[in-house]
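Q: Sharing protein_2.cif, mmCIF, C-alpha atoms and all ligand atoms:
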```
data_input
#
loop_
_atom_site.label_atom_id
_atom_site.label_comp_id
_atom_site.auth_asym_id
_atom_site.auth_seq_id
_atom_site.Cartn_x
_atom_site.Cartn_y
_atom_site.Cartn_z
CA MET A 1 32.61 -12.47 -8.25
CA THR A 2 30.48 -12.90 -11.37
CA ALA A 3 32.34 -14.54 -14.26
CA PRO A 4 32.43 -12.24 -17.31
CA LEU A 5 30.85 -13.17 -20.62
CA ILE A 6 33.43 -14.80 -22.89
CA ASP A 7 32.41 -16.37 -26.18
CA PRO A 8 33.80 -19.63 -27.67
CA PHE A 9 36.46 -17.67 -29.56
CA ALA A 10 37.77 -16.05 -26.36
CA ARG A 11 36.16 -12.68 -27.17
CA PRO A 12 34.91 -10.87 -24.06
CA ILE A 13 31.43 -9.46 -24.63
CA SER A 14 31.58 -5.88 -23.42
CA TYR A 15 29.28 -4.07 -25.83
CA LEU A 16 25.50 -4.34 -25.95
CA ARG A 17 23.29 -2.61 -28.48
CA VAL A 18 19.73 -2.33 -27.35
CA SER A 19 16.89 -1.65 -29.72
CA VAL A 20 14.14 -0.02 -27.70
CA THR A 21 11.48 0.13 -30.41
CA ASP A 22 10.83 -1.09 -33.94
CA ARG A 23 8.95 2.11 -34.75
CA CYS A 24 10.29 5.13 -36.54
CA ASP A 25 9.14 8.51 -37.77
CA PHE A 26 11.15 8.02 -41.01
CA ARG A 27 10.93 5.35 -43.70
CA CYS A 28 14.45 5.26 -45.13
CA VAL A 29 14.30 3.31 -48.37
CA TYR A 30 17.17 0.94 -47.51
CA CYS A 31 15.75 0.21 -44.05
CA MET A 32 11.95 0.07 -44.13
CA SER A 33 9.16 -0.33 -46.61
CA GLU A 34 6.62 2.46 -46.87
CA ASN A 35 3.87 0.43 -45.24
CA MET A 36 5.53 -1.15 -42.27
CA THR A 37 3.52 -3.23 -39.84
CA PHE A 38 4.92 -2.71 -36.37
CA LEU A 39 4.80 -5.04 -33.42
CA PRO A 40 1.89 -4.91 -30.99
CA LYS A 41 3.00 -2.94 -27.91
CA LYS A 42 2.64 -5.96 -25.60
CA GLU A 43 5.39 -7.76 -27.50
CA LEU A 44 7.86 -5.06 -26.53
CA LEU A 45 9.92 -5.17 -23.39
CA THR A 46 8.59 -2.57 -20.98
CA LEU A 47 10.94 0.17 -19.81
CA GLU A 48 11.34 -1.70 -16.50
CA GLU A 49 12.18 -4.91 -18.39
CA LEU A 50 14.69 -3.06 -20.55
CA ASP A 51 16.28 -1.81 -17.34
CA ARG A 52 16.43 -5.30 -15.81
CA MET A 53 17.79 -6.81 -19.00
CA SER A 54 20.46 -4.14 -19.55
CA SER A 55 21.44 -4.11 -15.88
CA THR A 56 21.97 -7.89 -15.97
CA PHE A 57 24.28 -7.56 -18.98
CA ILE A 58 26.17 -4.79 -17.18
CA ARG A 59 26.57 -7.00 -14.13
CA LEU A 60 28.01 -9.65 -16.47
CA GLY A 61 30.63 -7.26 -17.81
CA VAL A 62 29.02 -5.10 -20.49
CA GLN A 63 30.71 -1.69 -20.31
CA LYS A 64 29.28 0.05 -23.31
CA LEU A 65 25.61 0.42 -24.07
CA ARG A 66 24.32 1.83 -27.34
CA ILE A 67 20.62 2.54 -27.60
CA THR A 68 19.08 2.22 -31.03
CA GLY A 69 15.91 1.16 -32.84
CA GLY A 70 13.82 1.89 -34.96
CA GLU A 71 14.10 5.42 -33.76
CA PRO A 72 14.90 5.24 -30.03
CA LEU A 73 13.68 8.77 -29.31
CA VAL A 74 10.13 8.11 -30.55
CA ARG A 75 9.55 5.56 -27.78
CA LYS A 76 7.27 7.05 -25.15
CA ASP A 77 9.06 7.96 -21.91
CA ILE A 78 12.38 6.63 -23.18
CA LEU A 79 14.19 9.16 -21.01
CA THR A 80 13.07 7.10 -18.01
CA TYR A 81 15.23 4.27 -19.32
CA PHE A 82 18.19 6.57 -20.00
CA ARG A 83 17.88 7.93 -16.45
CA ALA A 84 17.86 4.38 -15.11
CA MET A 85 20.99 3.51 -17.08
CA SER A 86 22.82 6.61 -15.89
CA ARG A 87 23.04 5.04 -12.41
CA HIS A 88 25.47 2.50 -13.91
CA LEU A 89 27.61 5.35 -15.23
CA ASP A 90 27.57 6.88 -11.75
CA SER A 91 28.65 3.58 -10.17
CA GLY A 92 31.44 3.12 -12.74
CA ALA A 93 30.08 -0.23 -13.95
CA LEU A 94 29.21 1.30 -17.31
CA GLN A 95 31.83 3.27 -19.21
CA GLU A 96 29.67 4.65 -21.95
CA LEU A 97 25.99 5.24 -22.62
CA THR A 98 25.32 6.30 -26.15
CA LEU A 99 22.73 6.37 -28.87
CA THR A 100 22.18 6.13 -32.59
CA THR A 101 19.38 8.36 -33.80
CA ASN A 102 17.95 9.91 -36.93
CA GLY A 103 18.09 13.23 -35.06
CA SER A 104 14.47 14.24 -35.56
CA GLN A 105 13.66 14.40 -31.83
CA LEU A 106 16.98 15.75 -30.58
CA ARG A 107 15.82 19.31 -30.09
CA LYS A 108 13.34 17.98 -27.55
CA HIS A 109 15.62 15.52 -25.76
CA ALA A 110 19.25 16.64 -26.14
CA ARG A 111 19.55 18.42 -22.81
CA ALA A 112 18.00 15.57 -20.83
CA LEU A 113 20.19 13.02 -22.61
CA ALA A 114 23.29 15.02 -21.74
CA GLU A 115 22.13 15.15 -18.12
CA CYS A 116 21.90 11.34 -18.15
CA GLY A 117 25.59 11.18 -19.03
CA VAL A 118 25.28 10.67 -22.79
CA ARG A 119 28.40 12.32 -24.15
CA ARG A 120 28.58 11.09 -27.73
CA ILE A 121 25.80 10.32 -30.17
CA ASN A 122 25.63 9.06 -33.72
CA VAL A 123 23.24 10.85 -36.01
CA SER A 124 22.36 9.19 -39.31
CA LEU A 125 22.34 11.59 -42.21
CA ASP A 126 23.01 10.57 -45.81
CA THR A 127 22.65 13.90 -47.58
CA ARG A 128 22.48 17.64 -46.91
CA ASP A 129 20.18 18.30 -49.82
CA ASP A 130 16.55 18.91 -48.79
CA THR A 131 15.01 17.14 -51.76
CA LYS A 132 17.33 14.15 -51.60
CA PHE A 133 16.82 13.91 -47.85
CA ALA A 134 13.05 13.81 -48.30
CA ALA A 135 13.45 11.14 -51.00
CA ILE A 136 15.76 8.82 -49.04
CA THR A 137 13.93 9.08 -45.69
CA ARG A 138 10.47 9.37 -47.32
CA TRP A 139 9.02 11.07 -44.21
CA GLY A 140 11.95 13.11 -42.88
CA ARG A 141 12.72 16.82 -42.97
CA LEU A 142 16.34 17.85 -43.17
CA SER A 143 15.89 21.16 -41.32
CA GLN A 144 14.52 19.33 -38.27
CA VAL A 145 17.52 17.00 -38.17
CA LEU A 146 20.02 19.83 -38.59
CA ASP A 147 18.32 21.66 -35.75
CA GLY A 148 18.49 18.48 -33.67
CA ILE A 149 22.23 18.22 -34.31
CA ALA A 150 22.65 21.84 -33.22
CA ALA A 151 20.68 21.09 -30.04
CA ALA A 152 22.93 18.12 -29.26
CA GLN A 153 26.04 20.25 -29.68
CA GLU A 154 24.57 23.04 -27.57
CA ALA A 155 23.97 20.45 -24.84
CA GLY A 156 27.66 19.55 -25.00
CA MET A 157 27.42 16.19 -26.75
CA ARG A 158 29.85 15.16 -29.47
CA VAL A 159 28.10 14.22 -32.67
CA LYS A 160 29.27 11.69 -35.24
CA ILE A 161 27.51 11.62 -38.57
CA ASN A 162 26.75 8.19 -40.05
CA ALA A 163 26.04 8.14 -43.77
CA VAL A 164 25.08 5.10 -45.80
CA ALA A 165 27.11 5.08 -49.02
CA LEU A 166 24.65 4.91 -51.90
CA LYS A 167 25.72 4.76 -55.49
CA GLY A 168 24.29 7.54 -57.62
CA PHE A 169 22.78 9.16 -54.54
CA ASN A 170 25.40 10.71 -52.28
CA GLU A 171 28.57 10.03 -54.26
CA ASP A 172 28.57 13.70 -55.26
CA GLU A 173 28.51 14.77 -51.60
CA LEU A 174 31.65 12.90 -50.57
CA PHE A 175 33.70 16.07 -50.17
CA SER A 176 30.96 18.47 -49.14
CA LEU A 177 29.83 16.18 -46.30
CA ALA A 178 33.42 15.82 -45.09
CA GLU A 179 33.92 19.58 -45.21
CA TRP A 180 30.68 20.25 -43.38
CA CYS A 181 31.63 17.77 -40.63
CA ALA A 182 35.07 19.37 -40.33
CA ARG A 183 33.49 22.84 -39.99
CA GLU A 184 31.06 21.62 -37.35
CA ASP A 185 33.73 19.63 -35.48
CA MET A 186 31.98 16.30 -36.09
CA ASP A 187 33.51 12.97 -36.99
CA MET A 188 31.97 10.99 -39.75
CA THR A 189 31.49 7.35 -40.68
CA TRP A 190 30.47 5.88 -43.99
CA ILE A 191 28.50 2.64 -43.90
CA GLU A 192 28.26 0.19 -46.75
CA VAL A 193 24.68 -0.69 -47.55
CA MET A 194 23.82 -4.12 -46.17
CA PRO A 195 21.45 -6.72 -47.55
CA MET A 196 18.93 -6.57 -44.75
CA GLY A 197 15.32 -7.52 -45.15
CA ASP A 198 13.25 -7.79 -48.27
CA LEU A 199 12.00 -4.29 -48.94
CA GLY A 200 10.63 -5.19 -52.31
CA ASN A 201 11.36 -1.79 -53.82
CA GLU A 202 15.10 -1.56 -54.11
CA ASP A 203 17.74 -3.58 -55.84
CA ARG A 204 20.51 -3.52 -53.30
CA LEU A 205 23.19 -4.44 -55.82
CA ASP A 206 22.29 -1.26 -57.70
CA GLN A 207 22.70 0.83 -54.55
CA TYR A 208 25.97 -0.71 -53.51
CA TRP A 209 28.86 1.77 -53.47
CA SER A 210 31.99 0.10 -52.19
CA LEU A 211 33.89 1.94 -49.49
CA LYS A 212 37.10 0.93 -51.22
CA ASP A 213 36.08 3.16 -54.09
CA LEU A 214 34.86 5.86 -51.72
CA ARG A 215 38.17 5.83 -49.88
CA ALA A 216 40.15 6.00 -53.11
CA ARG A 217 38.14 9.06 -54.17
CA LEU A 218 38.70 10.69 -50.80
CA ALA A 219 42.44 10.16 -51.30
CA THR A 220 42.35 12.20 -54.51
CA ARG A 221 41.77 15.32 -52.37
CA TYR A 222 43.09 14.50 -48.91
CA THR A 223 46.09 12.78 -47.39
CA LEU A 224 44.69 9.80 -45.48
CA THR A 225 46.49 8.35 -42.47
CA ASP A 226 45.25 5.00 -41.18
CA LEU A 227 44.49 5.08 -37.47
CA ALA A 228 45.03 2.03 -35.31
CA GLU A 229 42.30 3.11 -32.95
CA ARG A 230 39.13 1.03 -32.63
CA THR A 231 36.03 1.97 -30.73
CA GLY A 232 34.88 -1.56 -30.01
CA GLY A 233 32.95 -1.48 -33.25
CA PRO A 234 33.55 -2.59 -36.81
CA ALA A 235 34.66 0.85 -38.02
CA ARG A 236 38.17 1.47 -39.30
CA TYR A 237 39.33 5.05 -39.17
CA VAL A 238 41.55 7.38 -41.16
CA ARG A 239 42.58 10.93 -40.40
CA LEU A 240 42.35 13.58 -43.10
CA GLU A 241 45.63 15.39 -42.58
CA GLU A 242 44.40 18.63 -44.16
CA THR A 243 41.45 19.03 -41.76
CA GLY A 244 42.53 16.80 -38.85
CA GLN A 245 39.13 15.11 -38.79
CA LYS A 246 38.47 11.40 -38.43
CA ILE A 247 36.55 9.46 -41.06
CA GLY A 248 35.36 5.93 -40.34
CA PHE A 249 34.44 3.13 -42.68
CA ILE A 250 32.08 0.34 -41.74
CA THR A 251 32.54 -2.31 -44.35
CA PRO A 252 30.71 -5.40 -43.20
CA LEU A 253 30.60 -6.77 -46.72
CA THR A 254 34.10 -6.27 -48.02
CA HIS A 255 36.11 -6.43 -44.85
CA ASN A 256 36.14 -9.16 -42.32
CA PHE A 257 35.88 -7.40 -38.98
CA CYS A 258 34.39 -10.36 -37.16
CA GLU A 259 37.56 -11.51 -35.41
CA SER A 260 37.45 -8.62 -32.96
CA CYS A 261 33.68 -8.60 -32.46
CA ASN A 262 32.84 -7.87 -28.83
CA ARG A 263 29.17 -7.06 -29.28
CA VAL A 264 25.73 -8.55 -29.17
CA ARG A 265 22.35 -7.04 -30.04
CA LEU A 266 19.13 -7.10 -28.12
CA THR A 267 15.90 -6.45 -29.99
CA CYS A 268 12.95 -4.58 -28.53
CA THR A 269 11.19 -7.91 -27.94
CA GLY A 270 14.08 -9.37 -25.97
CA GLU A 271 15.71 -11.49 -28.67
CA LEU A 272 19.46 -11.58 -28.45
CA TYR A 273 21.32 -11.72 -31.76
CA MET A 274 24.86 -12.88 -31.31
CA CYS A 275 25.82 -11.81 -34.86
CA LEU A 276 24.30 -9.15 -37.13
CA GLY A 277 24.65 -11.41 -40.14
CA GLN A 278 23.29 -14.68 -38.76
CA GLU A 279 19.77 -15.86 -38.05
CA ASP A 280 20.57 -17.53 -34.72
CA MET A 281 19.11 -15.77 -31.71
CA ALA A 282 18.09 -16.47 -28.15
CA ASP A 283 14.80 -15.47 -26.60
CA LEU A 284 15.61 -13.67 -23.36
CA ARG A 285 12.11 -12.34 -22.74
CA ALA A 286 10.74 -15.71 -21.60
CA PRO A 287 13.39 -16.26 -18.90
CA LEU A 288 13.10 -12.59 -17.89
CA ARG A 289 9.35 -12.85 -17.44
CA ALA A 290 9.46 -16.31 -15.87
CA ALA A 291 10.80 -15.12 -12.52
CA PRO A 292 11.38 -11.89 -10.65
CA GLU A 293 14.98 -12.93 -9.90
CA ASN A 294 17.57 -12.86 -12.66
CA ASP A 295 19.03 -16.39 -12.35
CA LEU A 296 17.14 -17.84 -15.32
CA LEU A 297 17.91 -14.78 -17.39
CA GLU A 298 21.59 -14.96 -16.55
CA THR A 299 21.76 -18.63 -17.54
CA ALA A 300 19.97 -17.87 -20.82
CA ILE A 301 22.45 -15.06 -21.55
CA ARG A 302 25.43 -17.33 -20.86
CA ASN A 303 23.96 -20.07 -23.08
CA ALA A 304 23.42 -17.56 -25.87
CA ILE A 305 26.98 -16.23 -25.67
CA SER A 306 28.31 -19.79 -25.84
CA ARG A 307 26.68 -19.97 -29.30
CA LYS A 308 28.15 -16.74 -30.67
CA PRO A 309 29.45 -17.62 -34.13
CA LYS A 310 32.88 -16.75 -35.42
CA GLY A 311 31.51 -14.49 -38.14
CA HIS A 312 28.90 -13.85 -40.78
CA ASP A 313 28.35 -14.84 -44.40
CA PHE A 314 27.49 -11.63 -46.24
CA ASP A 315 28.99 -11.73 -49.69
CA TYR A 316 28.26 -9.56 -52.71
CA SER A 317 31.11 -11.02 -54.71
CA ARG A 318 29.06 -13.58 -56.57
CA GLN A 319 26.82 -10.81 -57.87
CA SER A 320 23.92 -12.04 -55.86
CA VAL A 321 23.04 -10.92 -52.40
CA ALA A 322 24.34 -14.05 -50.75
CA GLY A 323 24.09 -14.56 -47.04
CA GLN A 324 21.15 -12.20 -46.92
CA VAL A 325 19.20 -12.29 -43.70
CA SER A 326 15.52 -11.64 -43.75
CA ARG A 327 15.07 -9.23 -40.86
CA HIS A 328 15.27 -5.46 -41.18
CA MET A 329 17.96 -3.29 -39.61
CA SER A 330 15.20 -1.61 -37.64
CA HIS A 331 14.57 -5.00 -36.04
CA THR A 332 18.13 -5.80 -34.95
CA GLY A 333 18.91 -2.18 -34.37
CA GLY A 334 21.59 -1.42 -36.94
N1 LIG B 401 16.78 5.30 -36.43
C1 LIG B 401 18.12 5.41 -35.99
C2 LIG B 401 19.01 5.91 -37.10
O1 LIG B 401 18.59 5.97 -38.24
O2 LIG B 401 20.15 6.26 -36.78
C3 LIG B 401 18.70 4.13 -35.40
C4 LIG B 401 18.36 2.85 -36.08
S1 LIG B 401 18.99 2.68 -37.75
C5 LIG B 401 18.41 1.07 -38.15
C6 LIG B 401 20.74 2.46 -37.43
C7 LIG B 401 21.65 2.66 -38.62
O3 LIG B 401 21.42 1.62 -39.54
C8 LIG B 401 21.45 3.96 -39.38
O4 LIG B 401 22.69 4.63 -39.45
C9 LIG B 401 21.02 3.52 -40.75
O5 LIG B 401 21.48 4.38 -41.74
C10 LIG B 401 21.62 2.15 -40.83
N2 LIG B 401 20.98 1.26 -41.80
C11 LIG B 401 19.66 0.95 -41.92
N3 LIG B 401 19.46 0.09 -42.94
C12 LIG B 401 20.68 -0.17 -43.45
C13 LIG B 401 21.16 -1.00 -44.51
N4 LIG B 401 20.34 -1.74 -45.25
N5 LIG B 401 22.49 -1.00 -44.75
C14 LIG B 401 23.35 -0.25 -44.03
N6 LIG B 401 22.97 0.53 -43.01
C15 LIG B 401 21.66 0.58 -42.74
FE1 LIG B 402 14.17 4.88 -39.18
FE2 LIG B 402 16.78 4.74 -38.75
FE3 LIG B 402 15.57 2.94 -40.31
FE4 LIG B 402 15.79 5.41 -41.19
S1 LIG B 402 17.48 4.01 -40.74
S2 LIG B 402 13.92 4.15 -41.25
S3 LIG B 402 15.61 6.55 -39.35
S4 LIG B 402 15.26 3.20 -38.17
#
```
Taking this structure as input, can you express it in the form of structure tokens?
Ligand code: SAM
Ligand code: SF4
A:
Amino acid sequence: MTAPLIDPFARPISYLRVSVTDRCDFRCVYCMSENMTFLPKKELLTLEELDRMSSTFIRLGVQKLRITGGEPLVRKDILTYFRAMSRHLDSGALQELTLTTNGSQLRKHARALAECGVRRINVSLDTRDDTKFAAITRWGRLSQVLDGIAAAQEAGMRVKINAVALKGFNEDELFSLAEWCAREDMDMTWIEVMPMGDLGNEDRLDQYWSLKDLRARLATRYTLTDLAERTGGPARYVRLEETGQKIGFITPLTHNFCESCNRVRLTCTGELYMCLGQEDMADLRAPLRAAPENDLLETAIRNAISRKPKGHDFDYSRQSVAGQVSRHMSHTGG
């Protein structure tokens, strides 16, 4: 029997987020600068290495795999990796294979993803206004994403919309986005903007719209019932009694969700981040490439998990972006 991964605070590690690329076909203003320099291809784990890495985590007890990026669906031949992971769904070792995407490539890939056993996906969408969408994503087209969402639903996948709460940007769409999601039978999660990376063009304190305020505004129109349910992630959920739909809140800055954290994040270069808000990471690419067997890799993973910190240090309260970490979300995979 292989001993499961347990961190120093007795939290079993059952959730791995894998970033499969740092590249993206959008340039969302809170995530990337306009002129991003991406990693040379040789730095990236190959699809076979991603398979070996993910399969090792699954053998050590990871039951939920979320694929992210950058934009995961712009990586060449990424379906090969999804197909490889679906064998762990078939064997029962993996309970869920899922993905976070900007939706731009879903029309092309939705059916194949569904065939690989992907049943739920998160699509990031902050606005349903064409002009605002073009402004926030810089390079994105709303119609393409909406068509991608339709394709995912046609393929039988459940879609959850993730929207970053941005002051003065999508405050006015609070109700219309909820109503649209209810009509389309989609759940929705609001994410507080996080101080990731130095994008040089945005003052993050200006963009910050607290989910406490958002929730209070939602309560002016709907009856909110807190749900106990957790999905292994940092989201807290409410049900809107009038529509029956679920709305989630990811509040990494104002709510301490760390105590129940069961997740770690692997970057596309094989760095393992044990906490989204801390700089500490472990290089797993070197032990992976050092030998064809997985012993060294497994030891490196166990060592990394033994360093998982209790929590992070984000804090907006002192009116400075304290605890800011320098890497971009597209690097750690959101
Ligand atoms: N490209 C895919 C997408 O957009 O869904 C996956 C990667 S993206 C980095 C994952 C999530 O991180 C998206 O929902 C995005 O909105 C969110 N995100 C990016 N930068 C963020 C920031 N500074 N604060 C909060 N969320 C952010
Ligand atoms: Fe690309 Fe996602 Fe970042 Fe937007 S949030 S730039 S879609 S990785």
Q: Give the answer as one residue: which of A:Leu65, A:Ile13, A:Cys28, A:Ile149 has the shortest atom-to-atom distance to ligand LIG 402 (chain B), using all atoms listed in the file?
A: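 Closest to ligand LIG 402 (chain B), using all atoms listed in the file: A:Cys28.
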Q: For ligand LIG 402 (chain B), collect every residue having any atom at a distance of at most 6 Å from a ligand atom (counting all atoms listed in the file); output as a ChimeraX atom specification.
A: /A:24,26-28,31-32,69-71,102,330
Q: Please report the interatomic distance between atom CA of A:Gly248 and atom CA of A:Phe9 in Å with one decimal.
A: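 Separating atom CA of A:Gly248 from atom CA of A:Phe9 is a distance of 26.0 Å.
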Q: Tell me which of A:Arg120, A:Arg23, A:His88, A:Arg111 sits closest to ligand LIG 401 (chain B), counting all atoms listed in the file.
A: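 Between A:Arg120, A:Arg23, A:His88, A:Arg111, the residue approaching ligand LIG 401 (chain B) most closely is A:Arg23.
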Q: If you measure from atom CA of A:Leu218 to atom CA of A:Val238, what distance in Å do you get, rounded to one decimal?
A: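 Going from atom CA of A:Leu218 over to atom CA of A:Val238, I get 10.6 Å.
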Q: Once you count only C-alpha atoms, what closest atom pair and distance in Å to one decimal does each residue of stretch 43-119 of chain A within 12 Å of stretch 155-175 of chain A have, with rows by chain and rising residue number, as CSV?
A:
```
residue,atom,partner,partner_atom,distance
A:Leu97,CA,A:Met157,CA,11.8
A:Thr98,CA,A:Met157,CA,10.1
A:Leu99,CA,A:Val159,CA,10.2
A:Thr100,CA,A:Asn162,CA,9.0
A:Thr101,CA,A:Asn162,CA,9.7
A:Asn102,CA,A:Asn162,CA,9.5
A:Gly103,CA,A:Ile161,CA,10.2
A:Leu106,CA,A:Ala155,CA,10.2
A:Arg107,CA,A:Ala155,CA,9.8
A:Lys108,CA,A:Ala155,CA,11.2
A:His109,CA,A:Ala155,CA,9.7
A:Ala110,CA,A:Ala155,CA,6.2
A:Arg111,CA,A:Ala155,CA,5.3
A:Ala112,CA,A:Ala155,CA,8.7
A:Leu113,CA,A:Ala155,CA,8.6
A:Ala114,CA,A:Ala155,CA,6.3
A:Glu115,CA,A:Ala155,CA,8.8
A:Cys116,CA,A:Met157,CA,11.3
A:Gly117,CA,A:Met157,CA,9.4
A:Val118,CA,A:Met157,CA,7.1
A:Arg119,CA,A:Met157,CA,4.8
```
Q: Quick one: pull the distance between atom CA of A:Tyr81 and atom CA of A:Pro287, Å, one decimal.
A: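 Atom CA of A:Tyr81 sits 20.6 Å away from atom CA of A:Pro287.
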Q: Please write as a short mmCIF file (atom, residue, chain, number, x, y, z; two decimals) with C-alpha atoms, keeping the file's coordinate frame the list of polymer residues whose atoms come within 9 Å of (19.5, 18.8, -41.4), counting all atoms listed in the file and keeping to the coordinates of the file.
A:
```cif
data_model
loop_
_atom_site.label_atom_id
_atom_site.label_comp_id
_atom_site.auth_asym_id
_atom_site.auth_seq_id
_atom_site.Cartn_x
_atom_site.Cartn_y
_atom_site.Cartn_z
CA GLY A 103 18.09 13.23 -35.06
CA SER A 104 14.47 14.24 -35.56
CA LEU A 125 22.34 11.59 -42.21
CA THR A 127 22.65 13.90 -47.58
CA ARG A 128 22.48 17.64 -46.91
CA ASP A 129 20.18 18.30 -49.82
CA ASP A 130 16.55 18.91 -48.79
CA PHE A 133 16.82 13.91 -47.85
CA ARG A 141 12.72 16.82 -42.97
CA LEU A 142 16.34 17.85 -43.17
CA SER A 143 15.89 21.16 -41.32
CA GLN A 144 14.52 19.33 -38.27
CA VAL A 145 17.52 17.00 -38.17
CA LEU A 146 20.02 19.83 -38.59
CA ASP A 147 18.32 21.66 -35.75
CA GLY A 148 18.49 18.48 -33.67
CA ILE A 149 22.23 18.22 -34.31
#
```
